[in-house]
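Colleague: One structure follows; several queries about it will come next.
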Amino acid sequence: MNAIETNDLTKYYGDLCAVDHLTLSVNNEIFALLGPNGSGKTTTVLMLTTLLNPTEGRATVCGYDVTRDGEEVRKKLSYVPQDMAVDIKLTGRENVRFFADLYGVPHASDRVDEVLAIMELSDRADDLIRTYSGGMRRRLELAQALVHEPSVLFLDEPTIGLDVAARKKIWEHIRALRKKGMTIFVTTHYMDEADQFCDRVGIINKGRIAALGTPMDLKARLMKDVITARIEGTLTPPSIEGIVFVGQSGDEVSFTAENGREALPLLADALGKSGCIVRSLSLREPTLDDVFLQAVGQQEEPHGFEDGKFRIMLRRRK
Amino acid sequence: MNGIVTYMKRDFTKWFRGRVAVISALIMPAAWLIFVGLALPVKFTGNYLDFITPGILVMTMLSAGLSGGALLMFDKILGFLNKFLALPTPRSSILVGKILFITGRGLIQTTIILIIALLIGATLLNPVQYCLTYFILFLFGVLISAFATTIALYLDDHDSYSAFNTMISMPLFFTSSALMPYSVMPAWLATIAHFNPLSYAIDAVRDVTAGGFPAIPILVLLVLTVGLLAACMRVFRKVTV
């Protein structure tokens, strides 16, 4: 039995299809759902945590159906939304004790001490949360989530808004939980974190899974060198044998090539002839970003930022 | 049961650590009591303070209840509600915990108003009368806080909630029997006042202070409260985000 199992899970908001026949199984691993904003990540988590009823399809958590056996499902999981909701007028210990009492944890006081220690918060446990940093608040939320020893942990953007050191610490804790046998389902849009810390990733776009596998596999599937060019002007992707256009994000254009070193001068030539100015070219091994770009295609968000206008603005300021 | 107490305890702890809110909620009813209760020249009664005190008590409970709905609104906006909904604790305990806190807080505030009223010259009642008064205020508090909390669940943001609060509190107060008896009201106002749930609570408390036992208003209030509470608990049990 897999910890999380979805079968054609679908959610419509009116006419908008937020999650489109999602079929997934996740078990005893750190699974990351990656996707651009509005791709259906949070909606998926809300359905799996019984906060939202699916329009179609079904999902189970630890074998319990999320619509039929809501209460059983909720006993098995913990959910940390991205909002960072901890009571700032209460102390760290009170915040965790509150959840321990809600879960009806036996020997609550010992258990609270234990999870605070796991999250390295023991020495600050009796301070009010208003004195905690962002990273500490997030760790406190993890402590709250762990207090009843859940089998499945859902984390929605666990490292959003945290500095590099705090992020690393959060991920170390998540890895440690995974080692103890917990299933961890995270959503994120930090590719580097997914690449580094997650066992398996699913890239979701417009409610559908566009790519699924271990970060290693997904990168290996591209199998090629990646060439990134920064250009000015409109791009007409050149057709050169052995060079494949991957996608564009702002003024950055990515290609893959069987042999990157040989492809570089060819590409520079072709781009120059097609009428755009090449500012820089770089060659590297594929990262999860490239996989993402290929799976999701052109990202819409960066186009909201019109760099032409931005340049005019800069010129005016001189 | 466990969940209800835990949710209620959280709100009380936060409230006691707030301080400013504890005082500010009392200013308005105290002002009514002093500036209207003592100053208004009325002819239908010799002791207007004794007449208006039940109205002010119920009004205190009303504003405590309506402003209490904002608690759920904040839990919702700040992301607490999503966490609570993902807990195995019955979802209706979120509602009942809020109701008990809001009503409890309202009763503390009405106690202070009651003391102020006594200090400025209201008649002292016997213990049975006080018990009945508290019972009626409790029922009314449950009614209003269940209503306010459930409305807050449906509204999108705090702005629309405070708009709702303003829209409902003043009209409810002025169309009730708080300020004058039905006999001196214009006929149209008396008709409206008879349908206002606020009037039932006020009439009941007034009847108690006059030495009677207001069986019918209490019964009406009880039925209303139980009915609404059942409906609201159902809403909370089935809530999705």
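The chains in the structure tokens are called A, B, ... from first to last as shown; in each chain the residues are counted from 1, and the ligands are counted from 1 in the order shown.
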I need the chain A residues near chain B as a list in words; criterion: at most 8 Å, counting only C-alpha atoms.
Modeller: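 Close enough to count are Thr49, Thr50, Leu51, Leu52, Asn53, Glu71, Glu72, Val73, Arg74, Lys75, Ser78, Tyr79, Val80, Pro81, Asp83, Met84, Ala85, Val86, Lys89, Leu90, Phe98, Asp101, Leu102, Tyr103 and Gly104 of chain A.
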Colleague: With a distance cut-off of 12 Å and only C-alpha atoms, select the neighbouring residues of Ala117 of chain B, excluding the residue or stretch itself and same-chain residues fewer than 3 positions from it, and output the selection as a ChimeraX atom specification.
Modeller: /B:29-35,37-38,48-57,110-114,120-125
Colleague: Go through segment 9-178 of chain A and collect every residue that DSSP, computed from the backbone, puts in strand (DSSP E); the answer should be as a PyMOL selection string.
Modeller: chain A and resi 9-13+16-26+30-34+56-61+64-65+77-80+152-156
Colleague: Would you save the residues of that selection, restricted to N, CA and C atoms, as a JSON list (two decimals), in the first residue's frame?
Modeller:
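Produced file result-v7.json, reproduced below:
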[["chain", "number", "residue", "atom", "x", "y", "z"],
["A", 9, "LEU", "N", -7.39, 12.19, -10.28],
["A", 9, "LEU", "CA", -7.84, 13.25, -9.38],
["A", 9, "LEU", "C", -8.02, 14.55, -10.16],
["A", 10, "THR", "N", -9.21, 15.13, -10.05],
["A", 10, "THR", "CA", -9.54, 16.29, -10.87],
["A", 10, "THR", "C", -10.26, 17.33, -10.04],
["A", 11, "LYS", "N", -9.92, 18.59, -10.25],
["A", 11, "LYS", "CA", -10.66, 19.66, -9.58],
["A", 11, "LYS", "C", -10.97, 20.79, -10.56],
["A", 12, "TYR", "N", -12.23, 21.10, -10.65],
["A", 12, "TYR", "CA", -12.67, 22.25, -11.44],
["A", 12, "TYR", "C", -13.08, 23.37, -10.51],
["A", 13, "TYR", "N", -12.66, 24.60, -10.82],
["A", 13, "TYR", "CA", -13.25, 25.79, -10.18],
["A", 13, "TYR", "C", -14.12, 26.43, -11.25],
["A", 16, "LEU", "N", -12.77, 26.48, -14.87],
["A", 16, "LEU", "CA", -11.32, 26.34, -14.85],
["A", 16, "LEU", "C", -10.91, 24.99, -14.28],
["A", 17, "CYS", "N", -10.11, 24.27, -15.03],
["A", 17, "CYS", "CA", -9.64, 22.99, -14.54],
["A", 17, "CYS", "C", -8.31, 23.20, -13.83],
["A", 18, "ALA", "N", -8.31, 23.12, -12.49],
["A", 18, "ALA", "CA", -7.09, 23.39, -11.73],
["A", 18, "ALA", "C", -6.19, 22.16, -11.68],
["A", 19, "VAL", "N", -6.82, 21.01, -11.52],
["A", 19, "VAL", "CA", -6.06, 19.76, -11.50],
["A", 19, "VAL", "C", -6.77, 18.81, -12.45],
["A", 20, "ASP", "N", -6.01, 18.25, -13.38],
["A", 20, "ASP", "CA", -6.60, 17.55, -14.51],
["A", 20, "ASP", "C", -6.18, 16.08, -14.51],
["A", 21, "HIS", "N", -7.05, 15.21, -14.02],
["A", 21, "HIS", "CA", -6.81, 13.76, -14.04],
["A", 21, "HIS", "C", -5.38, 13.40, -13.62],
["A", 22, "LEU", "N", -5.09, 13.71, -12.39],
["A", 22, "LEU", "CA", -3.76, 13.48, -11.84],
["A", 22, "LEU", "C", -3.67, 12.07, -11.28],
["A", 23, "THR", "N", -2.73, 11.30, -11.77],
["A", 23, "THR", "CA", -2.52, 9.95, -11.24],
["A", 23, "THR", "C", -1.09, 9.85, -10.75],
["A", 24, "LEU", "N", -0.97, 9.53, -9.47],
["A", 24, "LEU", "CA", 0.34, 9.57, -8.82],
["A", 24, "LEU", "C", 0.39, 8.50, -7.76],
["A", 25, "SER", "N", 1.57, 7.95, -7.48],
["A", 25, "SER", "CA", 1.70, 7.25, -6.21],
["A", 25, "SER", "C", 3.02, 7.61, -5.58],
["A", 26, "VAL", "N", 2.95, 7.85, -4.28],
["A", 26, "VAL", "CA", 4.11, 8.32, -3.54],
["A", 26, "VAL", "C", 4.25, 7.43, -2.31],
["A", 30, "ILE", "N", 10.81, 11.57, -0.34],
["A", 30, "ILE", "CA", 10.50, 12.99, -0.40],
["A", 30, "ILE", "C", 10.09, 13.27, -1.83],
["A", 31, "PHE", "N", 8.81, 13.56, -1.99],
["A", 31, "PHE", "CA", 8.30, 13.79, -3.32],
["A", 31, "PHE", "C", 8.01, 15.28, -3.47],
["A", 32, "ALA", "N", 8.54, 15.88, -4.55],
["A", 32, "ALA", "CA", 8.30, 17.31, -4.75],
["A", 32, "ALA", "C", 7.41, 17.51, -5.95],
["A", 33, "LEU", "N", 6.39, 18.32, -5.75],
["A", 33, "LEU", "CA", 5.55, 18.71, -6.86],
["A", 33, "LEU", "C", 6.03, 20.09, -7.28],
["A", 34, "LEU", "N", 6.55, 20.16, -8.51],
["A", 34, "LEU", "CA", 7.10, 21.42, -9.01],
["A", 34, "LEU", "C", 6.14, 21.97, -10.05],
["A", 56, "GLU", "N", -13.63, 15.09, -9.51],
["A", 56, "GLU", "CA", -13.68, 13.73, -10.05],
["A", 56, "GLU", "C", -12.47, 12.97, -9.53],
["A", 57, "GLY", "N", -12.51, 11.67, -9.73],
["A", 57, "GLY", "CA", -11.36, 10.85, -9.37],
["A", 57, "GLY", "C", -11.28, 10.60, -7.89],
["A", 58, "ARG", "N", -10.25, 9.86, -7.46],
["A", 58, "ARG", "CA", -10.13, 9.59, -6.04],
["A", 58, "ARG", "C", -8.68, 9.62, -5.60],
["A", 59, "ALA", "N", -8.52, 9.74, -4.31],
["A", 59, "ALA", "CA", -7.18, 9.75, -3.75],
["A", 59, "ALA", "C", -7.24, 9.06, -2.40],
["A", 60, "THR", "N", -6.17, 8.36, -2.07],
["A", 60, "THR", "CA", -6.10, 7.75, -0.74],
["A", 60, "THR", "C", -4.81, 8.17, -0.07],
["A", 61, "VAL", "N", -4.88, 8.30, 1.25],
["A", 61, "VAL", "CA", -3.70, 8.54, 2.06],
["A", 61, "VAL", "C", -3.64, 7.40, 3.08],
["A", 64, "TYR", "N", -6.71, 5.24, 3.17],
["A", 64, "TYR", "CA", -8.02, 5.82, 3.46],
["A", 64, "TYR", "C", -8.40, 6.83, 2.39],
["A", 65, "ASP", "N", -9.66, 6.76, 1.97],
["A", 65, "ASP", "CA", -10.15, 7.65, 0.93],
["A", 65, "ASP", "C", -10.32, 9.08, 1.47],
["A", 77, "LEU", "N", -1.96, 12.30, 8.74],
["A", 77, "LEU", "CA", -1.12, 13.31, 8.08],
["A", 77, "LEU", "C", -0.92, 14.55, 8.94],
["A", 78, "SER", "N", 0.05, 15.32, 8.52],
["A", 78, "SER", "CA", 0.22, 16.67, 9.05],
["A", 78, "SER", "C", 0.38, 17.59, 7.86],
["A", 79, "TYR", "N", -0.15, 18.78, 8.00],
["A", 79, "TYR", "CA", -0.12, 19.71, 6.88],
["A", 79, "TYR", "C", 0.44, 21.04, 7.35],
["A", 80, "VAL", "N", 1.47, 21.52, 6.68],
["A", 80, "VAL", "CA", 2.02, 22.84, 6.98],
["A", 80, "VAL", "C", 1.80, 23.72, 5.76],
["A", 152, "VAL", "N", 2.42, 10.73, 7.01],
["A", 152, "VAL", "CA", 2.62, 11.53, 5.81],
["A", 152, "VAL", "C", 2.65, 13.00, 6.20],
["A", 153, "LEU", "N", 3.62, 13.71, 5.65],
["A", 153, "LEU", "CA", 3.77, 15.12, 5.97],
["A", 153, "LEU", "C", 3.61, 15.92, 4.67],
["A", 154, "PHE", "N", 2.67, 16.86, 4.67],
["A", 154, "PHE", "CA", 2.49, 17.72, 3.50],
["A", 154, "PHE", "C", 3.07, 19.09, 3.80],
["A", 155, "LEU", "N", 3.98, 19.54, 2.97],
["A", 155, "LEU", "CA", 4.60, 20.84, 3.18],
["A", 155, "LEU", "C", 4.39, 21.68, 1.93],
["A", 156, "ASP", "N", 3.69, 22.79, 2.10],
["A", 156, "ASP", "CA", 3.44, 23.66, 0.95],
["A", 156, "ASP", "C", 4.48, 24.77, 0.98]]
Colleague: Mind pulling up the distance from atom CA of Ser145 of chain B to atom CA of Ala25 of chain B?
Modeller: 15.5 Å
Colleague: Near segment 95-108 of chain B, within 9 Å and counting only C-alpha atoms, which residues show up once chain neighbours fewer than 4 positions away are dropped, as a count of residues only?
Modeller: 41
Colleague: Just the residues within 8 Å of Ala201 of chain B, please, counting only C-alpha atoms, with nothing from its chain fewer than 5 positions along; format it as a list in words.
Modeller: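 Everything that qualifies: Val58, Ile136, Leu137, Phe140, Pro217, Ile218 and Leu221 of chain B.
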Colleague: How would the residues just picked look written out with C-alpha atoms as an mmCIF file, in the first residue's frame?
Modeller:
data_model
loop_
_atom_site.group_PDB
_atom_site.id
_atom_site.type_symbol
_atom_site.label_atom_id
_atom_site.label_comp_id
_atom_site.auth_asym_id
_atom_site.auth_seq_id
_atom_site.Cartn_x
_atom_site.Cartn_y
_atom_site.Cartn_z
ATOM 1 C CA VAL B 58 -27.539 42.815 25.828
ATOM 2 C CA ILE B 136 -30.233 34.786 29.274
ATOM 3 C CA LEU B 137 -27.088 36.669 28.314
ATOM 4 C CA PHE B 140 -27.996 35.310 23.543
ATOM 5 C CA PRO B 217 -38.859 34.994 25.748
ATOM 6 C CA ILE B 218 -36.428 32.478 27.256
ATOM 7 C CA LEU B 221 -34.357 32.423 22.656
#
Colleague: Mind giving me the straight-line distance from atom CA of Leu48 of chain A to atom CA of His173 of chain A in Å, one decimal?
Modeller: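 Distance between the two atoms: 22.6 Å.
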Colleague: Write out as a ChimeraX atom specification the residues lying within 7 Å of segment 252-262 of chain A, counting only C-alpha atoms and excluding same-chain residues fewer than 3 positions away.
Modeller: /A:224-231,242-249,265,283
Colleague: Would you output that residue set with C-alpha atoms, as an mmCIF file, in the first residue's frame?
Modeller:
data_model
loop_
_atom_site.group_PDB
_atom_site.id
_atom_site.type_symbol
_atom_site.label_atom_id
_atom_site.label_comp_id
_atom_site.auth_asym_id
_atom_site.auth_seq_id
_atom_site.Cartn_x
_atom_site.Cartn_y
_atom_site.Cartn_z
ATOM 1 C CA LYS A 224 22.712 16.499 -23.729
ATOM 2 C CA ASP A 225 24.691 19.582 -23.029
ATOM 3 C CA VAL A 226 22.720 22.706 -22.433
ATOM 4 C CA ILE A 227 23.609 25.950 -24.135
ATOM 5 C CA THR A 228 22.136 29.138 -22.781
ATOM 6 C CA ALA A 229 22.303 32.302 -24.797
ATOM 7 C CA ARG A 230 21.427 35.775 -23.655
ATOM 8 C CA ILE A 231 20.101 37.634 -26.630
ATOM 9 C CA GLY A 242 21.944 18.347 -33.593
ATOM 10 C CA ILE A 243 20.793 21.501 -31.798
ATOM 11 C CA VAL A 244 17.350 21.532 -30.285
ATOM 12 C CA PHE A 245 15.555 24.623 -29.039
ATOM 13 C CA VAL A 246 14.299 24.096 -25.485
ATOM 14 C CA GLY A 247 12.636 27.288 -24.456
ATOM 15 C CA GLN A 248 12.924 30.939 -23.687
ATOM 16 C CA SER A 249 12.668 32.684 -20.355
ATOM 17 C CA PRO A 265 30.126 28.605 -32.737
ATOM 18 C CA LEU A 283 27.629 25.706 -21.876
#
Colleague: Take atom CA of Ser169 of chain B and atom CA of Ser199 of chain B and report the distance between them in Å, one decimal.
Modeller: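 Computing it gives 13.3 Å between the two atoms.
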